[in-house]
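Q: Got a structure here, written out as structure tokens. Questions coming.
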Amino acid sequence: MKTSPLPNVIKGSSDWRNFRPLLLSNGITCLLVNDKESKTTACSVSVGVGASADPRKLSGLAHFTEHMCFLGSEAYPEENEFKSYLSAHGGRSNASTSMSQTCYKFDVLADHAEKVIDIFANFFVAPLFTQSGTNREVNAVDSENSKNESNDGRRRLQILKALADQNHHYSKFSTGNAITLPAVDDDKAVFVREALLAFHKCHYRPDNMTVVVVGPQSLDVLEEWIVPRFAKIQARNVEESREEMTEAEQLVHDSAGDMPDDSFGSPAVPHNPAFKPEIHGQWPVLLTTNPLQNLRKLYLNFPLPSTRELGDQSPYSLLCHLLGHEGKGSCFAVLQDAELVDSLSAGPRLTDSDQSLLQINISLTKKGEEHWRDVVATIFEYCRMLEGIGKNAKEGNENDHADLERIWDEICSIRKLNFHQNSPNNAYSFAPSVANSVRMNGTEKCLSLGRMLDETKDSIPLEHFFEFLQGIDPDNCIIERCSKSAWEEMQQMEKEETADESIFGFQNEKWYGVKYHLHLIPSADVKHWKKGGVTTLVDSANLGLPAKNRFVPRDLSLCSDLPEESKQGPCISKEMEPPRLIVTNDFGRLWHRLDDRYCLPKSSLSILLRTPCVENVFDEASNEWKYDTAASMHSAILMDVFSDALAQETYDAELAGLHWRLSKAPSGLILKCSGYSEHLTKFALQLLTRFFADHSFLDEKYVTINKDRYLRNLSSYFVSKRADSYAAYYTNYLLNSRGRGIDHTIDVTKSVDCLFAGNVSEEESRRLFSGTQDIVGGQKSAGAISTGKIHTTGSFERKLEDGKEIHLHFQSKNAEEQNGAVLMTFQSATASFKGSELSTPEVLVQSAAVRTLCHMLREPLFNQLRTKEQLGYIVSSHHEKSASLHVTPGITAKDPSLSKTTPIDSIIIKVLSKKVPPPIVRKRIDDFLSTFRAKLENLSVEEVESHTNALNKKLLKPKQKLGDEAQVQLIKIKDYASEVLGKGLGPEELPWHSTKELAGAIKGLNRADLIKTWEDIVDGKRRSRIVSHVYGSSFPLSNQETGDFGMRNRKNIVSLKSLEEIRVKRETLCQYTDNNHWAQRDILSQRLNRKVFTLFGIAGASLALFAMSRKNSGERTKSKE
């Protein structure tokens, strides 16, 4: 097959992949990528068409075409052959449609890639688009759309489209539904199918497609697989005369011109903004939206020219860096200091070839909501300052020019650094992203565009920067207030003013029926913003340019302890070595792992600070720690307070690639820091000092703001989520919760494990650990509580009763949610596999079988309930591994802190549907499970081996990122270090290689193993499950029979319909442990020897937070169970 070479890809210095770009004779652009470290092969096709090309009479046609392409081809007519083959060989697939492109992708274990590529290619050569498939699949599109209707982001997107020029391609309704695609009606369905064929013929042309394949195969082999298959796609003549076209073809042809050409090498597109002042008479206009969640958001939208032709010279790089900066002198800093905002970001909302839309996104405090005009005034004041600096720089002012050059150079340096010092992503995520980039940016710069490799401080785009700043003006702005209180203001205003029948006032968006309000902003406000008027609330004198970033790394050398052979380049295929335990003392343990796989100047630090007071209070009467909802809430708020208080001083570190997070978990506090090694130790110690030794971050303004935000999030939870989210909530409330739930929350040891991994020496690790001990260990004076009760902090789960099942029935409180949901949780009665030193061979076999069954279940479940029965858009199943930590009985005073973590296997099935009521959905799932049981009986040896071999290889895929590797190791330490070391075993006995052991067991499974496990967990007399039913508006709970019709052993079913009933039920359930004779209620209250608990500085900080949060109300503090 004839091909032509294309310019080769510019890649980073840490990128081990090889590239071969080709142009096929039919016009398809191909990029072949050899990734020697990948265990899978991935392929993606990007087609240069999206919803912008939809006929307005068939909204969603591009999206519908995406769905239909997967449903068989002339060469492979079976609808599920593609997904079935992928499922059997460790693969997956997906697709997405935007306004300008449609992207398809899959990956599969490398040994099985060639056949999948053949099936995949034929979707584009000759798809079937059968009439029966068309009639059914429109239900999936309709279900997907209904899923989006209760999402605030989607609702706001539709309102934004409603404000656009309705003749502009951006205004089109992109998802589609059963009304816009009337394929259920037989007569209209024929026309819809004709339109699908016409759309595919018009747009799925080889010259409009890009193919990317990534795998461990050689470039020659990949070329042999790809070129002949995609060369079969025929070049098509789209310039037919209208007389030769069918009605459907004419419709598709006419709408094709709506979408601007954004492919690489196409002529520049004239500026054509979707948003124009003349649409509303004049700007600025104020848009008010009513979110389902209890948000307080302010958005400033500015239509600006497209930057596609500017490449790395885009002024957005400098402009958004300055507008979204959070350091001293920034908009965010002065507004946060004034207690008006708690977050601010800036970036392009749209980046089309004919337009762009800059959006400044602000989260307001309660005070900021009341004074939103002052927030807007400050933004414009800052922009006028930048405009003045830009103008001075253009006219030769050396100081202003030097400042902007410094900032531009810093941006360039950081982007170049990140381009060269990053491990490649996995093939499945890389293939589609680069396919889209090749289509728009060409092969040479498909990876490097935006990384500013050729930019220097002398190349700063001052002209474009100044031009864009002039566009950030009140006369070119749509302001959106998105909050409950803003909506109430508009309602009150409408009562006091005469209703306007024009485009202003309250309006209904066409497709979702979402209400919004639009009105002109008073001229006095506009005049104030234009002249840069000052406000008494904000000290605008503090506005300024950011200072030099001291965190940008200069030393990128690899650790001197690393052997020379490990410095030659990355070796991802090398087996992960476990970290070494190099320090153990009364304070804690230090684990160190010198990286020899990634060859990058980066490190990952995790400090686990175990303390019971994060989620518990000490009860003097019972002499034990008890879970406390208020304590848990205060700790969560405390984490957010700390993050907000340090936002300004740590922002430069974030920009320079030093990322951090302090979070709470059932086990205590976890501080994570990652990024370039040079500054990481010092940075981490500064964070610890600020938290433990310096409580100045507990400023009352941060406490008030975060308490308000936390309570707003809780109060809107039940009226803003999807039905499947509620189903998961009620299941977790029964199994895992120790509090009284969100509704109640509204009313209402310390030991250290430190893991330092990456480009860090043992000496540096010890220095970090010593510094941590000095800072944290010095807080022992915060108080010591002498208790006779050991408390182990960690995950918690209840054990379901053997042979019993619990059915939960709840109505969704989200008035916009049409869908109902069913979430089934099958909990294994046998604890999951920990590792060969901690679990029996029998446990290993069952855990292996559970995972294999889940692997086998996914595709046939989806095919039956989603593709054939069209129950709903979301039909899924997966394996879930949870954990429950408990005290081992019989611990002596010598070492009372020994604890055990019990891992738990569960099989999860989820369906979101508005087609039938939840009880019917449950019955359909059960019917399928019965047929699946019969399928297991008839499995051949070859079929079993196909699934077990695929899953074995998936589990053995190496980690490609240092952070992922460190996270796996941290979990092992967190869950099993106390148990293993407490038994007197060495650190090498931790289950570091449990995944490898599990993969080996999976490969040795037979049909009898699978059937036995299926009987034990899913279909036998001992099965234990929760079925959570949530009812949407399509089938309200009040109208439904919730009786367990069609169920066997009805006497073993308990139905619960209130949180109080769940609370009562969970009192009868014991904690899940791996020793049945210890699985009794309140196992944590078994008598143990006395031990002195010393608490972290968090105890003092939490008490200070609690007192501060109650200060104004004068409430008496009390703990709530």
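Convention: chains lettered A, B, ... in structure tokens order; per-chain residue numbering from 1; ligands numbered from 1 as shown.
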Determine which residues of region 526-613 of chain A DSSP labels as strand (DSSP E or B) from the backbone of this structure, then write them out as a VMD selection string.
A: chain A and resid 580 to 584 588 to 594 602 to 610
Q: Can you write out the residues you just picked, keeping C-alpha atoms, as an mmCIF file, in the first residue's frame?
A:
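Generated output (selection.cif):
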data_model
loop_
_atom_site.group_PDB
_atom_site.id
_atom_site.type_symbol
_atom_site.label_atom_id
_atom_site.label_comp_id
_atom_site.auth_asym_id
_atom_site.auth_seq_id
_atom_site.Cartn_x
_atom_site.Cartn_y
_atom_site.Cartn_z
ATOM 1 C CA ARG A 580 12.840 -0.429 52.776
ATOM 2 C CA LEU A 581 12.030 0.230 56.415
ATOM 3 C CA ILE A 582 15.064 2.295 57.467
ATOM 4 C CA VAL A 583 13.850 3.878 60.721
ATOM 5 C CA THR A 584 11.498 2.559 63.372
ATOM 6 C CA GLY A 588 6.908 6.038 63.901
ATOM 7 C CA ARG A 589 8.403 4.389 60.834
ATOM 8 C CA LEU A 590 10.283 5.690 57.819
ATOM 9 C CA TRP A 591 10.044 3.790 54.552
ATOM 10 C CA HIS A 592 12.389 4.672 51.705
ATOM 11 C CA ARG A 593 12.391 3.701 48.037
ATOM 12 C CA LEU A 594 15.049 5.056 45.679
ATOM 13 C CA LYS A 602 10.906 13.751 41.024
ATOM 14 C CA SER A 603 9.810 12.298 44.339
ATOM 15 C CA SER A 604 6.630 11.343 46.155
ATOM 16 C CA LEU A 605 6.189 11.808 49.907
ATOM 17 C CA SER A 606 3.311 10.444 51.997
ATOM 18 C CA ILE A 607 3.062 10.974 55.748
ATOM 19 C CA LEU A 608 0.316 9.034 57.496
ATOM 20 C CA LEU A 609 -0.392 10.508 60.930
ATOM 21 C CA ARG A 610 -2.544 8.020 62.788
#
Q: Neighbouring residues of Ser356 (chain A) were defined as those with any atom within 8 Å, considering only C-alpha atoms; residues of the same chain fewer than 6 positions away were excluded. Please report them as an MDAnalysis selection string.
A: chainID A and resid 273 303:307 348:350
Q: Taking into account only C-alpha atoms, which residue in the set A:Asn952, A:Ser485, A:Asn1039, A:Gln131 is nearest to Val192 (chain A)?
A: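 For Val192 (chain A), the nearest of the candidates is A:Gln131.
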Q: Here is a test: counting only C-alpha atoms, which residue of A:Asp525, A:Ser876, A:Glu326, A:Val141 is nearest to Asp644 (chain A)?
A: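 Of A:Asp525, A:Ser876, A:Glu326, A:Val141, the one nearest Asp644 (chain A), counting only C-alpha atoms, is A:Glu326.
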Q: Which residues are near Thr29 (chain A)? Cut-off 12 Å, only C-alpha atoms, ignore same chain within fewer than 6 positions. Put them as a PyMOL selection string.
A: chain A and resi 3-7+20-23+44-48+205-213+226-227+230-231+263-264+435-443
Q: Skipping near chain neighbours, those fewer than 6 positions away, what residues fall within 8 Å of Met639 (chain A) using only C-alpha atoms, listed as a compact mmCIF listing (two decimals) with N, CA and C atoms, in the first residue's frame?
A:
# COMPACT_ATOMS: atom_id res chain seq x y z
N LEU A 662 -3.35 17.96 52.25
CA LEU A 662 -3.55 17.42 53.59
C LEU A 662 -5.00 17.00 53.69
N SER A 663 -5.24 15.73 53.96
CA SER A 663 -6.61 15.22 53.99
C SER A 663 -6.83 14.35 55.21
N LYS A 664 -8.08 14.17 55.54
CA LYS A 664 -8.42 13.28 56.64
C LYS A 664 -8.90 11.95 56.07
Q: With distances taken over only C-alpha atoms, which residue among A:Leu853, A:Ala121, A:Leu936, A:Ala829 lies nearest Asp905 (chain A)?
A: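 Of all the options, A:Ala829 lies closest to Asp905 (chain A).
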